[in-house]
Amino acid sequence: GYESWQEAKKKSDFKIFLPFFEDLIKLRIEEANQISDKHTPWETLAQPFEPDLTLEWLNNIFMPLKETIPSLLSDLKKSEKYHWDLNPESQQNLCSKLLDEFGRDKDLVVVAKSPHPFSITLGPDDYRITTRIVEGEPFSSFLATAHEWGHSIYEQGLPSQSHQWFAWPLGQATSMGVHESQSLFWENRIVKSKSFSKRFFKYFVSEGCSLNNHSELWKSINHMQAGFNRVEADELTYGLHILIRTELEIDLIQGDLEAKDVPSEWNKRYEDLLGVRPSNDAEGCLQDVHWSEGAFGYFPSYLLGHLISAQITSKMERELGLIDNLVENGEYGKIIFWLKNNVHNYGRSVNSMELVNKVTGEELTSNYFVNHLRSKLKDFC
């Protein structure tokens, strides 16, 4: 599946991937049916990523987003796109400076390059993160570094850090949704904050940034516009990318969608929700690796991460003060200490819904994330 997907994407031809994709779907459905009769097939496949998730619960959480985000997108005036770039060395220097700013321990955290950014824990004292340089996208590597730092600092805060629980369930992440909430927090709530642009602008200038002031840097890093690519999507439109993929794979696993119809159905849903239509398969349904590995049920974790991050951030701000003030004063250690003691230390002793309830005192809701989007959009509409 993976090899055929690589070739299909390179040639932008879904038909190359199709026969392997059909086999993957059949095998995963067979697996799901053998594993559980408690959940639907798609729910069963989603359990490793989000324990105890049900479709009913997911639909209740996601439906308000499907109804709200397109209307917010239609209200958004096309935000100004600043055309500038940084050479690879400058981008790498900024990523290194960012991690130093956050307080990384160089004896624990190693940084390298890879074709796709990722974070991995090889031992209780060995954390690796990678990033990549994308030509013409001066923020791609920078934001990816912040994102992977969030994953890594979560791993560093788990009970496994005590060595005793490493590789045991208690020492592992609560769920992929909680994992993504931590990476999205550092990427979106910290690095995309106004105070961060104000604090970090001088470093961008020293590396050749041609923007005039920190306000332009903030607007540039928060540029919002509907596009085809999930990985490069902004906070507003990202959720729609996830909704499309989630609905498609549910229809593939337990609905009436045939694999051969994925390209046309993908393009149709992109046009309906985002107002854009991919011009080829590589730009559209072949852009993500997940399905080539049979990873059905993974995508919702990305959007759940946004919701969890927003709700937990609201609680943090009530206890520590506004994120903008914390960032302006460089109080990243205080943020990490709060997250470690309120979020990271649970490990897998609870599921994500229980964790959110324990931290915030209420059930997970989309309201905090929607309110965050509305607040940010005031500066663009």
# chains A, B, ... in the order shown; residues from 1 in each chain; ligands from 1
call {"tool": "residues_around", "arguments": {"residues": "region 297-309 of chain A", "least_positions_apart": "3", "cutoff": "9 Å", "atoms": "only C-alpha atoms", "output": "ChimeraX atom specification"}}
result
/A:42-50,58,61-62,175-185,189,235,238-240,242-243,245-246,249-250,290,312-314,352,356,364-370
call {"tool": "select_by_dssp", "arguments": {"residues": "region 38-246 of chain A", "states": "alpha helix (DSSP H)", "output": "NGL selection string"}}
result
:A and (41-46 or 55-75 or 88-102 or 140-157 or 176-184 or 194-206 or 214-221 or 235-246)
call {"tool": "residues_around", "arguments": {"residues": "region 127-136 of chain A", "least_positions_apart": "5", "cutoff": "6 Å", "atoms": "only C-alpha atoms", "output": "list in words"}}
result
Asp85, Leu108, Val109, Val110, Val111, Ala112, Lys113, Ser114, Pro117, Phe118, Ser119, Ile120, Thr121, Ser141 and Thr145 of chain A
call {"tool": "residues_around", "arguments": {"residues": "Asn342 (chain A)", "least_positions_apart": "2", "cutoff": "10 Å", "atoms": "only C-alpha atoms", "output": "list in words"}}
result
Ile312, Met316, Ile336, Phe337, Trp338, Leu339, Lys340, His344, Asn345, Tyr346, Leu355, Val356, Lys358, Val359 and Thr360 of chain A
call {"tool": "write_last_selection", "arguments": {"atoms": "N, CA and C atoms", "output": "PDB file, in the first residue's frame"}}
result
ATOM      1  N   ILE A 312      -8.526  23.277  27.331  1.00  0.00           N
ATOM      2  CA  ILE A 312      -7.504  23.234  28.373  1.00  0.00           C
ATOM      3  C   ILE A 312      -6.818  24.596  28.509  1.00  0.00           C
ATOM      4  N   MET A 316      -6.157  26.955  31.755  1.00  0.00           N
ATOM      5  CA  MET A 316      -4.823  27.432  32.105  1.00  0.00           C
ATOM      6  C   MET A 316      -4.811  28.948  32.297  1.00  0.00           C
ATOM      7  N   ILE A 336       4.930  24.976  30.933  1.00  0.00           N
ATOM      8  CA  ILE A 336       5.283  23.551  30.894  1.00  0.00           C
ATOM      9  C   ILE A 336       4.984  22.886  32.237  1.00  0.00           C
ATOM     10  N   PHE A 337       5.302  23.568  33.333  1.00  0.00           N
ATOM     11  CA  PHE A 337       5.049  23.023  34.665  1.00  0.00           C
ATOM     12  C   PHE A 337       3.554  22.785  34.869  1.00  0.00           C
ATOM     13  N   TRP A 338       2.720  23.734  34.415  1.00  0.00           N
ATOM     14  CA  TRP A 338       1.267  23.595  34.558  1.00  0.00           C
ATOM     15  C   TRP A 338       0.763  22.413  33.725  1.00  0.00           C
ATOM     16  N   LEU A 339       1.219  22.322  32.492  1.00  0.00           N
ATOM     17  CA  LEU A 339       0.787  21.233  31.612  1.00  0.00           C
ATOM     18  C   LEU A 339       1.227  19.877  32.167  1.00  0.00           C
ATOM     19  N   LYS A 340       2.446  19.812  32.659  1.00  0.00           N
ATOM     20  CA  LYS A 340       2.945  18.539  33.194  1.00  0.00           C
ATOM     21  C   LYS A 340       2.105  18.078  34.373  1.00  0.00           C
ATOM     22  N   HIS A 344      -0.120  16.115  31.452  1.00  0.00           N
ATOM     23  CA  HIS A 344       0.825  15.063  31.067  1.00  0.00           C
ATOM     24  C   HIS A 344       0.871  13.908  32.056  1.00  0.00           C
ATOM     25  N   ASN A 345       0.722  14.199  33.331  1.00  0.00           N
ATOM     26  CA  ASN A 345       0.975  13.190  34.362  1.00  0.00           C
ATOM     27  C   ASN A 345      -0.055  12.065  34.408  1.00  0.00           C
ATOM     28  N   TYR A 346      -1.162  12.197  33.690  1.00  0.00           N
ATOM     29  CA  TYR A 346      -2.179  11.141  33.711  1.00  0.00           C
ATOM     30  C   TYR A 346      -1.756   9.909  32.915  1.00  0.00           C
ATOM     31  N   LEU A 355      -9.928  12.831  30.892  1.00  0.00           N
ATOM     32  CA  LEU A 355      -8.856  13.784  31.182  1.00  0.00           C
ATOM     33  C   LEU A 355      -9.355  15.218  31.088  1.00  0.00           C
ATOM     34  N   VAL A 356     -10.062  15.534  29.997  1.00  0.00           N
ATOM     35  CA  VAL A 356     -10.592  16.893  29.822  1.00  0.00           C
ATOM     36  C   VAL A 356     -11.510  17.265  30.978  1.00  0.00           C
ATOM     37  N   LYS A 358     -11.438  16.050  34.041  1.00  0.00           N
ATOM     38  CA  LYS A 358     -10.640  16.229  35.245  1.00  0.00           C
ATOM     39  C   LYS A 358      -9.927  17.581  35.251  1.00  0.00           C
ATOM     40  N   VAL A 359      -9.428  17.993  34.096  1.00  0.00           N
ATOM     41  CA  VAL A 359      -8.654  19.236  34.013  1.00  0.00           C
ATOM     42  C   VAL A 359      -9.549  20.467  34.049  1.00  0.00           C
ATOM     43  N   THR A 360     -10.658  20.426  33.291  1.00  0.00           N
ATOM     44  CA  THR A 360     -11.473  21.631  33.116  1.00  0.00           C
ATOM     45  C   THR A 360     -12.766  21.625  33.912  1.00  0.00           C
TER      46      THR A 360
END
call {"tool": "closest_residue", "arguments": {"among": "A:Pro70, A:Pro138, A:Gly150, A:Pro64", "to": "Tyr332 (chain A)", "atoms": "only C-alpha atoms"}}
result
A:Gly150
call {"tool": "residues_around", "arguments": {"residues": "Glu354 (chain A)", "least_positions_apart": "6", "cutoff": "10 Å", "atoms": "only C-alpha atoms", "output": "MDAnalysis selection string"}}
result
chainID A and resid 174 361:364
call {"tool": "select_by_dssp", "arguments": {"residues": "region 83-244 of chain A", "states": "strand (DSSP E)", "output": "list in words"}}
result
Val109, Val110, Val111, Ala112, Lys113, Ser119, Ile120, Thr121, Leu122, Gly123, Asp126, Tyr127, Arg128, Ile129, Thr130 and Thr131 of chain A
call {"tool": "write_last_selection", "arguments": {"atoms": "N, CA and C atoms", "output": "compact mmCIF listing (two decimals), in the first residue's frame"}}
result
# COMPACT_ATOMS: atom_id res chain seq x y z
N VAL A 109 16.97 16.13 24.17
CA VAL A 109 16.26 16.36 22.90
C VAL A 109 17.24 16.55 21.75
N VAL A 110 17.13 15.69 20.75
CA VAL A 110 17.97 15.77 19.56
C VAL A 110 17.11 16.20 18.37
N VAL A 111 17.66 17.08 17.53
CA VAL A 111 16.90 17.63 16.40
C VAL A 111 17.59 17.24 15.09
N ALA A 112 16.79 16.86 14.10
CA ALA A 112 17.33 16.49 12.79
C ALA A 112 16.33 16.85 11.70
N LYS A 113 16.69 16.56 10.46
CA LYS A 113 15.81 16.82 9.31
C LYS A 113 15.21 15.49 8.83
N SER A 119 7.97 13.43 15.71
CA SER A 119 8.58 13.34 17.03
C SER A 119 8.52 11.88 17.46
N ILE A 120 9.61 11.42 18.07
CA ILE A 120 9.64 10.02 18.52
C ILE A 120 10.43 9.93 19.82
N THR A 121 9.98 9.04 20.70
CA THR A 121 10.67 8.79 21.96
C THR A 121 11.31 7.41 21.90
N LEU A 122 12.63 7.37 22.03
CA LEU A 122 13.35 6.10 21.96
C LEU A 122 13.70 5.55 23.33
N GLY A 123 13.56 6.38 24.35
CA GLY A 123 13.83 5.95 25.71
C GLY A 123 13.49 7.08 26.66
N ASP A 126 15.71 9.94 25.88
CA ASP A 126 16.07 10.08 24.46
C ASP A 126 14.86 10.48 23.64
N TYR A 127 14.77 11.77 23.34
CA TYR A 127 13.64 12.32 22.59
C TYR A 127 14.15 12.93 21.29
N ARG A 128 13.56 12.53 20.16
CA ARG A 128 14.01 13.02 18.85
C ARG A 128 12.87 13.80 18.18
N ILE A 129 13.20 14.93 17.59
CA ILE A 129 12.23 15.65 16.77
C ILE A 129 12.90 16.02 15.45
N THR A 130 12.11 16.05 14.39
CA THR A 130 12.64 16.42 13.08
C THR A 130 11.75 17.49 12.45
N THR A 131 12.32 18.15 11.46
CA THR A 131 11.57 19.13 10.68
C THR A 131 12.07 19.08 9.25
call {"tool": "atom_distance", "arguments": {"atom1": "CA of Trp168 (chain A)", "atom2": "CA of Ser292 (chain A)"}}
result
28.6 Å
call {"tool": "closest_residue", "arguments": {"among": "A:Ser195, A:Asn280, A:Gln92, A:Thr237", "to": "Trp218 (chain A)", "atoms": "only C-alpha atoms"}}
result
A:Ser195
call {"tool": "closest_residue", "arguments": {"among": "A:Val231, A:Ala167, A:Ala259, A:Val276", "to": "Leu18 (chain A)", "atoms": "only C-alpha atoms"}}
result
A:Ala259
call {"tool": "residues_around", "arguments": {"residues": "region 377-379 of chain A", "least_positions_apart": "5", "cutoff": "9 Å", "atoms": "only C-alpha atoms", "output": "PyMOL selection string"}}
result
chain A and resi 72+76+219+236+372
call {"tool": "write_last_selection", "arguments": {"atoms": "all heavy atoms", "output": "short mmCIF file (atom, residue, chain, number, x, y, z; two decimals), in the first residue's frame"}}
result
data_model
loop_
_atom_site.label_atom_id
_atom_site.label_comp_id
_atom_site.auth_asym_id
_atom_site.auth_seq_id
_atom_site.Cartn_x
_atom_site.Cartn_y
_atom_site.Cartn_z
N LEU A 72 -17.90 31.05 9.05
CA LEU A 72 -16.78 31.91 9.44
C LEU A 72 -15.86 32.14 8.25
O LEU A 72 -15.34 33.25 8.06
CB LEU A 72 -15.99 31.28 10.59
CG LEU A 72 -16.71 31.14 11.93
CD1 LEU A 72 -15.81 30.41 12.94
CD2 LEU A 72 -17.11 32.49 12.48
N LEU A 76 -14.73 35.72 6.15
CA LEU A 76 -13.33 36.13 6.16
C LEU A 76 -12.95 36.82 4.86
O LEU A 76 -13.08 36.28 3.78
CB LEU A 76 -12.43 34.90 6.37
CG LEU A 76 -10.92 35.13 6.31
CD1 LEU A 76 -10.47 35.97 7.50
CD2 LEU A 76 -10.18 33.80 6.27
N LYS A 219 0.51 38.82 11.30
CA LYS A 219 -0.50 38.63 10.24
C LYS A 219 -0.02 37.61 9.21
O LYS A 219 -0.81 36.84 8.66
CB LYS A 219 -0.81 39.96 9.57
CG LYS A 219 -1.61 40.91 10.46
CD LYS A 219 -1.91 42.22 9.76
CE LYS A 219 -2.72 43.15 10.67
NZ LYS A 219 -3.00 44.46 10.02
N LEU A 236 -8.32 28.01 10.98
CA LEU A 236 -9.74 28.09 10.62
C LEU A 236 -10.15 26.96 9.69
O LEU A 236 -11.15 26.28 9.93
CB LEU A 236 -10.03 29.44 9.96
CG LEU A 236 -11.45 29.64 9.42
CD1 LEU A 236 -12.48 29.57 10.54
CD2 LEU A 236 -11.56 30.97 8.68
N HIS A 372 -12.42 30.80 20.17
CA HIS A 372 -11.04 31.20 19.86
C HIS A 372 -10.94 31.66 18.40
O HIS A 372 -10.31 32.69 18.12
CB HIS A 372 -10.10 30.02 20.11
CG HIS A 372 -8.75 30.18 19.50
ND1 HIS A 372 -7.85 31.15 19.90
CD2 HIS A 372 -8.15 29.51 18.48
CE1 HIS A 372 -6.75 31.05 19.18
NE2 HIS A 372 -6.90 30.07 18.31
#
call {"tool": "residues_around", "arguments": {"residues": "region 6-14 of chain A", "least_positions_apart": "6", "cutoff": "6 Å", "atoms": "only C-alpha atoms", "output": "MDAnalysis selection string"}}
result
chainID A and resid 281:282 286
call {"tool": "closest_residue", "arguments": {"among": "A:Trp57, A:Trp291, A:Phe228, A:Phe200", "to": "Arg269 (chain A)", "atoms": "only C-alpha atoms"}}
result
A:Phe228
call {"tool": "closest_residue", "arguments": {"among": "A:Asn229, A:Leu170, A:Lys66, A:Val289", "to": "Ser4 (chain A)", "atoms": "only C-alpha atoms"}}
result
A:Val289
call {"tool": "atom_distance", "arguments": {"atom1": "CA of Glu187 (chain A)", "atom2": "CA of Phe102 (chain A)"}}
result
12.0 Å
